[in-house]
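Here is the file upload_16.cif (mmCIF, C-alpha atoms and all ligand atoms).
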```cif
data_target
#
loop_
_atom_site.group_PDB
_atom_site.id
_atom_site.type_symbol
_atom_site.label_atom_id
_atom_site.label_comp_id
_atom_site.auth_asym_id
_atom_site.auth_seq_id
_atom_site.Cartn_x
_atom_site.Cartn_y
_atom_site.Cartn_z
ATOM 1 C CA MET A 1 97.658 96.266 106.077
ATOM 2 C CA THR A 2 100.886 94.741 104.822
ATOM 3 C CA TYR A 3 104.549 94.922 105.659
ATOM 4 C CA VAL A 4 106.958 97.091 103.672
ATOM 5 C CA ILE A 5 110.726 96.964 103.193
ATOM 6 C CA THR A 6 112.111 100.476 103.036
ATOM 7 C CA ARG A 7 115.161 101.868 101.305
ATOM 8 C CA MET A 8 117.037 101.432 104.564
ATOM 9 C CA CYS A 9 117.599 97.904 103.239
ATOM 10 C CA THR A 10 119.446 99.306 100.202
ATOM 11 C CA ASP A 11 122.685 97.437 99.544
ATOM 12 C CA CYS A 12 122.340 95.503 102.848
ATOM 13 C CA VAL A 13 120.279 92.569 101.617
ATOM 14 C CA ASP A 14 121.600 90.146 104.265
ATOM 15 C CA MET A 15 118.293 88.268 103.939
ATOM 16 C CA GLY A 16 117.505 87.728 107.613
ATOM 17 C CA CYS A 17 113.918 88.529 106.695
ATOM 18 C CA VAL A 18 113.861 85.893 103.957
ATOM 19 C CA GLU A 19 114.925 83.182 106.378
ATOM 20 C CA VAL A 20 111.828 83.624 108.538
ATOM 21 C CA CYS A 21 109.125 84.467 105.991
ATOM 22 C CA PRO A 22 106.698 81.508 105.965
ATOM 23 C CA VAL A 23 105.182 82.252 102.554
ATOM 24 C CA GLU A 24 108.171 83.278 100.371
ATOM 25 C CA CYS A 25 106.665 86.661 99.570
ATOM 26 C CA ILE A 26 109.959 88.584 99.771
ATOM 27 C CA TYR A 27 111.465 89.307 96.374
ATOM 28 C CA ALA A 28 114.799 90.387 94.892
ATOM 29 C CA LEU A 29 115.480 92.112 91.605
ATOM 30 C CA LYS A 30 116.282 89.837 88.679
ATOM 31 C CA GLY A 31 118.378 92.417 86.853
ATOM 32 C CA GLU A 32 120.581 95.367 87.657
ATOM 33 C CA PRO A 33 119.326 97.927 90.185
ATOM 34 C CA SER A 34 118.342 101.446 89.111
ATOM 35 C CA GLU A 35 117.127 104.598 90.837
ATOM 36 C CA SER A 36 113.523 103.404 90.445
ATOM 37 C CA THR A 37 114.345 99.799 91.426
ATOM 38 C CA PRO A 38 117.105 100.004 94.055
ATOM 39 C CA ASN A 39 119.221 97.122 95.306
ATOM 40 C CA MET A 40 117.010 96.030 98.191
ATOM 41 C CA LEU A 41 114.401 93.395 98.893
ATOM 42 C CA TYR A 42 110.695 93.900 98.340
ATOM 43 C CA ILE A 43 107.565 92.466 99.993
ATOM 44 C CA HIS A 44 104.710 91.461 97.719
ATOM 45 C CA PRO A 45 101.747 93.311 99.269
ATOM 46 C CA THR A 46 99.128 90.720 98.365
ATOM 47 C CA GLU A 47 101.128 87.584 99.109
ATOM 48 C CA CYS A 48 102.267 88.862 102.539
ATOM 49 C CA ILE A 49 100.107 87.337 105.278
ATOM 50 C CA ASN A 50 101.048 90.083 107.767
ATOM 51 C CA CYS A 51 102.522 87.653 110.262
ATOM 52 C CA GLY A 52 105.150 90.178 111.374
ATOM 53 C CA ALA A 53 107.943 87.590 111.611
ATOM 54 C CA CYS A 54 110.338 89.542 109.400
ATOM 55 C CA GLU A 55 110.213 92.887 111.192
ATOM 56 C CA PRO A 56 112.238 91.977 114.308
ATOM 57 C CA GLU A 57 114.704 89.917 112.246
ATOM 58 C CA CYS A 58 115.913 92.877 110.201
ATOM 59 C CA PRO A 59 119.190 94.100 111.727
ATOM 60 C CA TRP A 60 118.827 97.427 109.887
ATOM 61 C CA GLU A 61 115.291 98.046 111.212
ATOM 62 C CA ALA A 62 114.199 98.531 107.619
ATOM 63 C CA ILE A 63 110.801 96.796 107.802
ATOM 64 C CA TYR A 64 107.553 98.448 108.897
ATOM 65 C CA GLU A 65 103.844 97.845 108.761
ATOM 66 C CA ASP A 66 102.529 100.102 106.035
ATOM 67 C CA MET A 67 100.440 102.069 108.551
ATOM 68 C CA GLU A 68 103.570 102.667 110.659
ATOM 69 C CA LEU A 69 105.919 103.850 107.909
ATOM 70 C CA PRO A 70 107.942 106.932 108.851
ATOM 71 C CA ALA A 71 106.827 109.925 106.785
ATOM 72 C CA ALA A 72 110.223 110.094 105.078
ATOM 73 C CA ARG A 73 109.783 106.544 103.810
ATOM 74 C CA ALA A 74 106.079 106.554 102.938
ATOM 75 C CA GLU A 75 106.947 106.364 99.242
ATOM 76 C CA ASP A 76 108.600 102.967 99.746
ATOM 77 C CA ALA A 77 105.216 101.224 99.864
ATOM 78 C CA ALA A 78 104.958 101.944 96.143
ATOM 79 C CA LEU A 79 108.380 100.380 95.595
ATOM 80 C CA ASN A 80 107.216 97.137 97.227
ATOM 81 C CA ALA A 81 104.026 97.222 95.153
ATOM 82 C CA LEU A 82 106.180 96.910 92.011
ATOM 83 C CA THR A 83 106.402 93.184 92.786
ATOM 84 C CA GLU A 84 102.692 92.989 91.978
ATOM 85 C CA GLU A 85 102.625 95.558 89.188
ATOM 86 C CA ARG A 86 105.785 94.457 87.339
ATOM 87 C CA PRO A 87 106.377 90.830 88.406
ATOM 88 C CA SER A 88 108.769 90.124 85.537
ATOM 89 C CA LEU A 89 111.371 92.334 87.264
ATOM 90 C CA PHE A 90 111.503 90.169 90.382
ATOM 91 C CA GLU A 91 112.195 86.687 91.680
ATOM 92 C CA VAL A 92 111.633 85.133 95.087
ATOM 93 C CA ALA A 93 114.662 85.994 97.214
ATOM 94 C CA ALA A 94 116.814 83.042 98.233
ATOM 95 C CA MET A 95 119.139 82.830 101.209
ATOM 96 C CA PRO A 96 122.815 82.820 100.178
ATOM 97 C CA ARG A 97 124.659 79.561 100.926
ATOM 98 C CA ASP A 98 128.332 78.659 101.069
ATOM 99 C CA GLU A 99 129.981 75.857 99.085
ATOM 100 C CA HIS A 100 128.768 73.346 101.696
ATOM 101 C CA GLY A 101 125.175 74.476 101.418
ATOM 102 C CA ARG A 102 125.183 76.237 104.767
ATOM 103 C CA LEU A 103 123.269 79.489 105.127
ATOM 104 C CA VAL A 104 125.478 82.570 105.014
ATOM 105 C CA HIS A 105 124.689 85.441 107.375
ATOM 106 C CA LYS A 106 126.281 88.882 107.274
ATOM 107 C CA PRO A 107 127.695 90.346 110.492
ATOM 108 C CA ALA A 108 125.086 92.410 112.335
ATOM 109 C CA PRO A 109 125.514 96.184 112.105
ATOM 110 C CA SER A 110 126.284 98.214 115.212
ATOM 111 C CA THR A 111 123.754 100.528 116.814
ATOM 112 C CA ASP A 112 125.661 103.463 115.344
ATOM 113 C CA ASP A 113 125.578 101.863 111.897
ATOM 114 C CA VAL A 114 121.807 101.459 112.123
ATOM 115 C CA ARG A 115 121.340 105.023 113.323
ATOM 116 C CA ALA A 116 123.543 106.421 110.546
ATOM 117 C CA ASN A 117 121.736 104.370 107.892
ATOM 118 C CA LYS A 118 118.362 105.601 109.125
ATOM 119 C CA ALA A 119 119.603 109.193 109.040
ATOM 120 C CA THR A 120 120.765 108.684 105.435
ATOM 121 C CA TRP A 121 117.182 107.869 104.528
ATOM 122 C CA GLY A 122 115.604 110.662 106.565
ATOM 123 C CA VAL A 123 114.457 108.600 109.535
ATOM 124 C CA ALA A 124 115.234 109.920 113.008
ATOM 125 C CA GLU A 125 115.436 107.564 116.003
HETATM 126 S S1 LIG A 201 116.778 91.644 106.896
HETATM 127 FE FE1 LIG A 201 116.419 93.850 106.527
HETATM 128 S S2 LIG A 201 118.301 94.638 105.580
HETATM 129 FE FE2 LIG A 201 118.335 92.394 105.449
HETATM 130 S S3 LIG A 201 117.453 91.941 103.414
HETATM 131 FE FE3 LIG A 201 115.765 91.856 104.880
HETATM 132 S S4 LIG A 201 114.895 93.936 104.894
HETATM 133 FE FE4 LIG A 201 116.912 94.060 103.920
HETATM 134 S S1 LIG A 202 105.014 89.916 107.496
HETATM 135 FE FE1 LIG A 202 105.282 87.640 107.442
HETATM 136 S S2 LIG A 202 104.462 87.074 105.443
HETATM 137 FE FE2 LIG A 202 104.813 89.270 105.350
HETATM 138 S S3 LIG A 202 106.883 89.489 104.493
HETATM 139 FE FE3 LIG A 202 107.090 89.484 106.732
HETATM 140 S S4 LIG A 202 107.508 87.336 107.274
HETATM 141 FE FE4 LIG A 202 106.672 87.340 105.172
#
```
Will you turn the file into structure tokens for me?
Ligand code: SF4
Ligand code: SF4
Amino acid sequence: MTYVITRMCTDCVDMGCVEVCPVECIYALKGEPSESTPNMLYIHPTECINCGACEPECPWEAIYEDMELPAARAEDAALNALTEERPSLFEVAAMPRDEHGRLVHKPAPSTDDVRANKATWGVAE
């Protein structure tokens, strides 16, 4: 078992998950995103210690245990596995900070925003 970030994170990347991960196993792309490597964060399946801390922190409800992935997002486990298979594409994700070094958090999405984002990626409530 491991945890998986799904495409519901795409373009959100507010990093709430990164803030709580105790082992820095959440990665960001080094270069430009593409269809096969979208602009989202990725969990390294071997480095993840399955603590579950990130799942409730994600305001977009984009994180699942691999065994609990919605059918429409089952393919996203393979996306996360790219961190192991093609490590040169990734770097450990870092929390954004302002000019004073304070952590920057994005505003939380509304319930409707979350529902609409899930629907975009084929996940019903
Ligand atoms: S908290 Fe959720 S939406 Fe934000 S970067 Fe992490 S997985 Fe993506
Ligand atoms: S389950 Fe724990 S170790 Fe794995 S990515 Fe989430 S916070 Fe990090």
Practice task
Please identify all polymer residues within 8 Å of stretch 22-28 of chain A, counting only C-alpha atoms, omitting same-chain residues fewer than 3 positions from it, and present them as a list in words.
Solution key: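 Non-adjacent residues within range: Cys17, Val18, Met40, Leu41, Tyr42, Ile43, His44, Glu47, Cys48, Ile49, Thr83, Phe90, Glu91, Val92 and Ala93 of chain A.
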What does the list of residues within 9 Å of ligand LIG 201 (chain A) look like if you count only C-alpha atoms and all ligand atoms, written as an mmCIF file with C-alpha atoms, keeping the file's coordinate frame?
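Okay, selection_23.cif is ready:
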```cif
data_model
loop_
_atom_site.group_PDB
_atom_site.id
_atom_site.type_symbol
_atom_site.label_atom_id
_atom_site.label_comp_id
_atom_site.auth_asym_id
_atom_site.auth_seq_id
_atom_site.Cartn_x
_atom_site.Cartn_y
_atom_site.Cartn_z
ATOM 1 C CA VAL A 4 106.958 97.091 103.672
ATOM 2 C CA ILE A 5 110.726 96.964 103.193
ATOM 3 C CA THR A 6 112.111 100.476 103.036
ATOM 4 C CA ARG A 7 115.161 101.868 101.305
ATOM 5 C CA MET A 8 117.037 101.432 104.564
ATOM 6 C CA CYS A 9 117.599 97.904 103.239
ATOM 7 C CA THR A 10 119.446 99.306 100.202
ATOM 8 C CA ASP A 11 122.685 97.437 99.544
ATOM 9 C CA CYS A 12 122.340 95.503 102.848
ATOM 10 C CA VAL A 13 120.279 92.569 101.617
ATOM 11 C CA ASP A 14 121.600 90.146 104.265
ATOM 12 C CA MET A 15 118.293 88.268 103.939
ATOM 13 C CA GLY A 16 117.505 87.728 107.613
ATOM 14 C CA CYS A 17 113.918 88.529 106.695
ATOM 15 C CA VAL A 18 113.861 85.893 103.957
ATOM 16 C CA GLU A 19 114.925 83.182 106.378
ATOM 17 C CA ILE A 26 109.959 88.584 99.771
ATOM 18 C CA MET A 40 117.010 96.030 98.191
ATOM 19 C CA LEU A 41 114.401 93.395 98.893
ATOM 20 C CA TYR A 42 110.695 93.900 98.340
ATOM 21 C CA ILE A 43 107.565 92.466 99.993
ATOM 22 C CA CYS A 54 110.338 89.542 109.400
ATOM 23 C CA GLU A 55 110.213 92.887 111.192
ATOM 24 C CA PRO A 56 112.238 91.977 114.308
ATOM 25 C CA GLU A 57 114.704 89.917 112.246
ATOM 26 C CA CYS A 58 115.913 92.877 110.201
ATOM 27 C CA PRO A 59 119.190 94.100 111.727
ATOM 28 C CA TRP A 60 118.827 97.427 109.887
ATOM 29 C CA GLU A 61 115.291 98.046 111.212
ATOM 30 C CA ALA A 62 114.199 98.531 107.619
ATOM 31 C CA ILE A 63 110.801 96.796 107.802
ATOM 32 C CA LYS A 106 126.281 88.882 107.274
#
```
Handout entry: Option closest in space to ligand LIG 202 (chain A), from A:Ser34, A:Asn39, A:Thr111, A:Thr46 [counting only C-alpha atoms and all ligand atoms]
Key =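 Looking at the shortest contact to ligand LIG 202 (chain A), the residue is A:Thr46.
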Handout entry: Atomic separation - atom CA of A:Lys30 relative to atom CA of A:Val104, Å
Key =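 Result for atom CA of A:Val104 versus atom CA of A:Lys30: 20.1 Å, one decimal.
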Practice task
Evaluate the PyMOL selection byres (((chain A and resi 65) around 10) and not hetatm) on the structure here and hand back the selected residues as a PyMOL selection string.
Solution key: chain A and resi 1-5+50+52+55+63-64+66-70+77
Problem - Residue nearest ligand LIG 202 (chain A) - candidates A:Gly31, A:Asn80, A:Ala74, A:Ser36, atoms counted: all atoms listed in the file - result: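 Looking at the shortest contact to ligand LIG 202 (chain A), the residue is A:Asn80.
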Problem - Distance of atom CA of A:Ser88 from atom CA of A:Glu32, expressed in Å to one decimal place - result: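 A separation of 13.1 Å between them.
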Edge lengths and centre in Å to one decimal, as lines of an AutoDock Vina configuration file, is what I'm after for the box along x, y and z that holds all listed atoms of ligand LIG 202 (chain A) once 6 Å is added on each side.
```
center_x = 106.0
center_y = 88.5
center_z = 106.0
size_x = 15.0
size_y = 14.8
size_z = 15.0
```
Handout entry: Selected residue of minimal separation from ligand LIG 202 (chain A) among A:Glu35, A:Ala71, A:Ala53, A:Asn117, counting only C-alpha atoms and all ligand atoms
Key =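 Smallest separation from ligand LIG 202 (chain A) among the options: A:Ala53.
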Handout entry: Using all atoms listed in the file: which of A:Leu29, A:Cys51, A:Arg86, A:Leu79 has the shortest distance to ligand LIG 202 (chain A)
Key =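 When distances to ligand LIG 202 (chain A) are compared using all atoms listed in the file, the smallest one comes from A:Cys51.
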Requested file, stretch 14-120 of chain A restricted to C-alpha atoms, as a PDB file, in the first residue's frame:
```pdb
ATOM      1  CA  ASP A  14      -0.941  24.574  -3.025  1.00  0.00           C
ATOM      2  CA  MET A  15       1.379  22.158  -1.194  1.00  0.00           C
ATOM      3  CA  GLY A  16      -0.674  21.562   1.943  1.00  0.00           C
ATOM      4  CA  CYS A  17       0.388  17.939   1.637  1.00  0.00           C
ATOM      5  CA  VAL A  18       4.072  18.864   1.484  1.00  0.00           C
ATOM      6  CA  GLU A  19       3.847  20.789   4.738  1.00  0.00           C
ATOM      7  CA  VAL A  20       2.829  17.707   6.717  1.00  0.00           C
ATOM      8  CA  CYS A  21       4.791  14.918   5.021  1.00  0.00           C
ATOM      9  CA  PRO A  22       7.375  13.705   7.571  1.00  0.00           C
ATOM     10  CA  VAL A  23       9.707  12.073   5.044  1.00  0.00           C
ATOM     11  CA  GLU A  24       9.810  14.531   2.095  1.00  0.00           C
ATOM     12  CA  CYS A  25       8.559  11.930  -0.361  1.00  0.00           C
ATOM     13  CA  ILE A  26       6.303  14.320  -2.306  1.00  0.00           C
ATOM     14  CA  TYR A  27       7.851  15.518  -5.545  1.00  0.00           C
ATOM     15  CA  ALA A  28       7.331  18.270  -8.121  1.00  0.00           C
ATOM     16  CA  LEU A  29       8.362  18.338 -11.751  1.00  0.00           C
ATOM     17  CA  LYS A  30      11.720  19.940 -12.487  1.00  0.00           C
ATOM     18  CA  GLY A  31      10.785  21.005 -16.005  1.00  0.00           C
ATOM     19  CA  GLU A  32       7.712  22.001 -17.945  1.00  0.00           C
ATOM     20  CA  PRO A  33       4.568  19.879 -17.570  1.00  0.00           C
ATOM     21  CA  SER A  34       3.287  17.722 -20.435  1.00  0.00           C
ATOM     22  CA  GLU A  35       0.317  15.440 -21.029  1.00  0.00           C
ATOM     23  CA  SER A  36       2.314  12.503 -19.629  1.00  0.00           C
ATOM     24  CA  THR A  37       3.759  14.542 -16.732  1.00  0.00           C
ATOM     25  CA  PRO A  38       1.039  17.009 -15.693  1.00  0.00           C
ATOM     26  CA  ASN A  39       1.484  19.995 -13.405  1.00  0.00           C
ATOM     27  CA  MET A  40       0.722  18.277 -10.107  1.00  0.00           C
ATOM     28  CA  LEU A  41       2.625  16.768  -7.219  1.00  0.00           C
ATOM     29  CA  TYR A  42       3.653  13.133  -7.041  1.00  0.00           C
ATOM     30  CA  ILE A  43       4.230  10.696  -4.157  1.00  0.00           C
ATOM     31  CA  HIS A  44       7.245   8.420  -4.390  1.00  0.00           C
ATOM     32  CA  PRO A  45       5.705   4.971  -3.813  1.00  0.00           C
ATOM     33  CA  THR A  46       8.723   3.460  -2.081  1.00  0.00           C
ATOM     34  CA  GLU A  47       9.724   6.435   0.048  1.00  0.00           C
ATOM     35  CA  CYS A  48       6.155   6.994   1.331  1.00  0.00           C
ATOM     36  CA  ILE A  49       5.768   5.480   4.803  1.00  0.00           C
ATOM     37  CA  ASN A  50       1.960   5.345   4.491  1.00  0.00           C
ATOM     38  CA  CYS A  51       1.391   7.552   7.509  1.00  0.00           C
ATOM     39  CA  GLY A  52      -1.734   9.092   5.965  1.00  0.00           C
ATOM     40  CA  ALA A  53      -0.937  12.620   7.178  1.00  0.00           C
ATOM     41  CA  CYS A  54      -1.266  14.194   3.736  1.00  0.00           C
ATOM     42  CA  GLU A  55      -4.692  12.859   2.794  1.00  0.00           C
ATOM     43  CA  PRO A  56      -6.839  15.032   5.100  1.00  0.00           C
ATOM     44  CA  GLU A  57      -4.668  18.099   4.424  1.00  0.00           C
ATOM     45  CA  CYS A  58      -5.465  18.203   0.714  1.00  0.00           C
ATOM     46  CA  PRO A  59      -8.202  20.807   0.172  1.00  0.00           C
ATOM     47  CA  TRP A  60      -8.975  19.309  -3.255  1.00  0.00           C
ATOM     48  CA  GLU A  61      -9.400  15.766  -1.874  1.00  0.00           C
ATOM     49  CA  ALA A  62      -6.880  14.625  -4.459  1.00  0.00           C
ATOM     50  CA  ILE A  63      -4.992  12.065  -2.344  1.00  0.00           C
ATOM     51  CA  TYR A  64      -6.005   8.426  -1.885  1.00  0.00           C
ATOM     52  CA  GLU A  65      -4.549   5.178  -0.674  1.00  0.00           C
ATOM     53  CA  ASP A  66      -3.745   3.184  -3.778  1.00  0.00           C
ATOM     54  CA  MET A  67      -6.275   0.496  -2.812  1.00  0.00           C
ATOM     55  CA  GLU A  68      -8.979   3.177  -2.491  1.00  0.00           C
ATOM     56  CA  LEU A  69      -8.409   4.990  -5.788  1.00  0.00           C
ATOM     57  CA  PRO A  70     -11.619   5.768  -7.676  1.00  0.00           C
ATOM     58  CA  ALA A  71     -11.817   3.689 -10.856  1.00  0.00           C
ATOM     59  CA  ALA A  72     -11.599   6.827 -12.997  1.00  0.00           C
ATOM     60  CA  ARG A  73      -8.264   7.698 -11.412  1.00  0.00           C
ATOM     61  CA  ALA A  74      -6.686   4.247 -11.129  1.00  0.00           C
ATOM     62  CA  GLU A  75      -4.162   5.179 -13.814  1.00  0.00           C
ATOM     63  CA  ASP A  76      -2.729   7.926 -11.594  1.00  0.00           C
ATOM     64  CA  ALA A  77      -0.793   5.384  -9.523  1.00  0.00           C
ATOM     65  CA  ALA A  78       1.448   4.939 -12.558  1.00  0.00           C
ATOM     66  CA  LEU A  79       1.970   8.702 -12.734  1.00  0.00           C
ATOM     67  CA  ASN A  80       3.232   8.746  -9.137  1.00  0.00           C
ATOM     68  CA  ALA A  81       5.481   5.765  -9.874  1.00  0.00           C
ATOM     69  CA  LEU A  82       7.357   7.934 -12.403  1.00  0.00           C
ATOM     70  CA  THR A  83       9.184   9.458  -9.424  1.00  0.00           C
ATOM     71  CA  GLU A  84      10.851   6.073  -8.957  1.00  0.00           C
ATOM     72  CA  GLU A  85      11.172   5.135 -12.619  1.00  0.00           C
ATOM     73  CA  ARG A  86      12.383   8.506 -13.954  1.00  0.00           C
ATOM     74  CA  PRO A  87      13.842  10.336 -10.927  1.00  0.00           C
ATOM     75  CA  SER A  88      15.720  12.864 -13.057  1.00  0.00           C
ATOM     76  CA  LEU A  89      12.371  14.483 -13.952  1.00  0.00           C
ATOM     77  CA  PHE A  90      11.536  15.332 -10.345  1.00  0.00           C
ATOM     78  CA  GLU A  91      12.710  17.200  -7.276  1.00  0.00           C
ATOM     79  CA  VAL A  92      11.451  17.181  -3.705  1.00  0.00           C
ATOM     80  CA  ALA A  93       8.589  19.673  -3.522  1.00  0.00           C
ATOM     81  CA  ALA A  94       9.234  22.721  -1.359  1.00  0.00           C
ATOM     82  CA  MET A  95       6.654  24.926   0.309  1.00  0.00           C
ATOM     83  CA  PRO A  96       6.436  28.379  -1.306  1.00  0.00           C
ATOM     84  CA  ARG A  97       7.555  31.251   0.947  1.00  0.00           C
ATOM     85  CA  ASP A  98       7.087  35.002   0.755  1.00  0.00           C
ATOM     86  CA  GLU A  99       9.900  37.570   0.827  1.00  0.00           C
ATOM     87  CA  HIS A 100      10.002  37.294   4.636  1.00  0.00           C
ATOM     88  CA  GLY A 101      10.395  33.538   4.562  1.00  0.00           C
ATOM     89  CA  ARG A 102       6.862  32.871   5.741  1.00  0.00           C
ATOM     90  CA  LEU A 103       4.979  29.918   4.289  1.00  0.00           C
ATOM     91  CA  VAL A 104       2.470  30.886   1.614  1.00  0.00           C
ATOM     92  CA  HIS A 105      -0.880  29.092   1.551  1.00  0.00           C
ATOM     93  CA  LYS A 106      -3.471  29.355  -1.205  1.00  0.00           C
ATOM     94  CA  PRO A 107      -7.082  30.108  -0.264  1.00  0.00           C
ATOM     95  CA  ALA A 108      -9.063  26.909   0.291  1.00  0.00           C
ATOM     96  CA  PRO A 109     -11.478  25.967  -2.496  1.00  0.00           C
ATOM     97  CA  SER A 110     -15.213  25.918  -1.853  1.00  0.00           C
ATOM     98  CA  THR A 111     -17.206  22.708  -1.653  1.00  0.00           C
ATOM     99  CA  ASP A 112     -18.576  23.465  -5.111  1.00  0.00           C
ATOM    100  CA  ASP A 113     -15.060  24.007  -6.448  1.00  0.00           C
ATOM    101  CA  VAL A 114     -13.974  20.625  -5.100  1.00  0.00           C
ATOM    102  CA  ARG A 115     -17.036  18.901  -6.521  1.00  0.00           C
ATOM    103  CA  ALA A 116     -16.550  20.501  -9.945  1.00  0.00           C
ATOM    104  CA  ASN A 117     -12.853  19.581 -10.003  1.00  0.00           C
ATOM    105  CA  LYS A 118     -13.656  15.973  -9.134  1.00  0.00           C
ATOM    106  CA  ALA A 119     -16.266  15.854 -11.895  1.00  0.00           C
ATOM    107  CA  THR A 120     -13.675  17.173 -14.375  1.00  0.00           C
TER     108      THR A 120
END
```
